[in-house]
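Trainee: The structure under discussion is supplied below as structure tokens; questions concerning it will follow.
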Amino acid sequence: MSLWNRFFSSSSSAPQARERLQILLSHERQVLGGDDLLSSLREDILAVVAKRVPCDREAVKVRLDKGSPLSILEIEVEIRGEVASLGRAAA
Amino acid sequence: MAKIITVTSGKGGVGKTTTTAAIGAALARTGDRVAVVDFDVGLRNLDLVMGAERRVVFDLVNVVQGDARLSQALIKDKRVDTLFLLPASQTRDKDALTEEGVDKVIAELSSQFDWVICDSPAGIERGATLAMRHADIAIVVTNPEVSSVRDSDRIVGILDAKTLKATRGETVDKRLLLTRYDAARAARGDMLNTADVLEILSIPLLGIIPESPDVLKASNFGVPVSINDPASAPAKAYIDAARRLKGEELPVQVPTAPRGGFLSKLLRRAA
């Protein structure tokens, strides 16, 4: 690092902070900012599943991996009890 | 009907409780009836910052669970007649607060006060979402520092998704309160400045509270900083923020670094 940089740039850490935050938050807003979509999806799925089988609010996990050209919507529902008996009950 | 304010931040230690006490006292000084509510169940501190820790008999959870009436739990401030505190419980039961219980207490407070100010716990868990549930206005307390700004951004997203206003399709009025602002360091480029944080979070600015020993001094005494020494820099900034909440169009003064010669700069740096 040149002497000039040592004197004038090394103490300015704020631009670094700003840049890192801008990059990070633009990513996080995409992933987490879909909160609205994900939470409504979660509510809808929970309502459908709960109609047939007993199911906790916490048992529905919805994740969205945004990518290009393909995004993956991952849905995981934990159900208590044996599936066989549940299947009969639902039928 | 009261205006409901939630003081929130995501990150801990940025000044939520200090802000709740200071804004509450400043609003009450104007004659408005103000209730400040500590939502930090298990880790109550608003009582201490307001100097009421030895007067707590009943708390928020007692009222929610029907073990005490609201009027029994509210503590009237000794300095400002129109300021009341509803302390948090110290129970370790995480489920002590329920949505229905909080709805009931807020409705009752709302009918008796002009302002209800909810001091949110840190984090984004249940306590924090319950504290923001009824918010008309959210004061997002942020330090000019990367982790605080990131957490504030997260909280802004949650305010837009999980509040009652959000579920009704309305939006919570979000205002940025920049705290622990060190003008000299911001001027040197050592600290994110006001413009940086505003650009990143893009919510309107409620005020800038300068870093100052007066804040710690006021909490040592158990007096809200806005009324401990109203002439001090942080008190003035909080009083101005309260006036803006009441609708006054008051330009925000960005604190500037005190100017000095080479020697005084050197001394400050060494200090």
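Ligands are numbered from 1 in the order shown, residues from 1 within each chain, and chains are lettered A, B, ... in the order they appear in the structure tokens.
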Can you check which residues of region 13-79 of chain A DSSP gives as strand (DSSP E) on the backbone and send them as number ranges by chain?

Mentor: A: 60-65, 72-77

Trainee: Do me a favour and pick out the residues of chain B within 9 Å of chain A, using only C-alpha atoms, as a VMD selection string.

Mentor: chain B and resid 145 to 147 149 to 150 153 to 154 157 to 158 160 to 162 186 188 to 193 196 to 197 200

Trainee: Skip region 211-213 of chain B itself and residues of its chain fewer than 6 positions away, then list as an mmCIF file with N, CA and C atoms, in the first residue's frame all residues within 6 Å of it, counting only C-alpha atoms.

Mentor:
```
data_model
loop_
_atom_site.group_PDB
_atom_site.id
_atom_site.type_symbol
_atom_site.label_atom_id
_atom_site.label_comp_id
_atom_site.auth_asym_id
_atom_site.auth_seq_id
_atom_site.Cartn_x
_atom_site.Cartn_y
_atom_site.Cartn_z
ATOM 1 N N ARG B 180 -26.402 6.736 19.090
ATOM 2 C CA ARG B 180 -24.958 6.633 19.326
ATOM 3 C C ARG B 180 -24.164 7.167 18.146
ATOM 4 N N TYR B 181 -24.641 8.262 17.588
ATOM 5 C CA TYR B 181 -24.015 8.841 16.406
ATOM 6 C C TYR B 181 -22.827 9.693 16.812
ATOM 7 N N ASP B 182 -21.670 9.355 16.284
ATOM 8 C CA ASP B 182 -20.452 10.095 16.596
ATOM 9 C C ASP B 182 -20.068 10.914 15.361
#
```

Trainee: Where in region 28-255 of chain B does DSSP assign alpha helix (DSSP H), given as a PyMOL selection string?

Mentor: chain B and resi 28-29+46-49+60-64+70-73+99-112+126-132+146-162+164-167+183-188+194-201+213-221+225-228+233-245

Trainee: Name the residues in contact with Ala59 (chain A) at a cut-off of 12 Å, using only C-alpha atoms, excluding same-chain residues fewer than 6 positions from it; report them as JSON, numbers by chain.

Mentor: {"A": [42, 43, 45, 46, 49, 50, 53, 75, 76, 77, 78, 79, 80]}
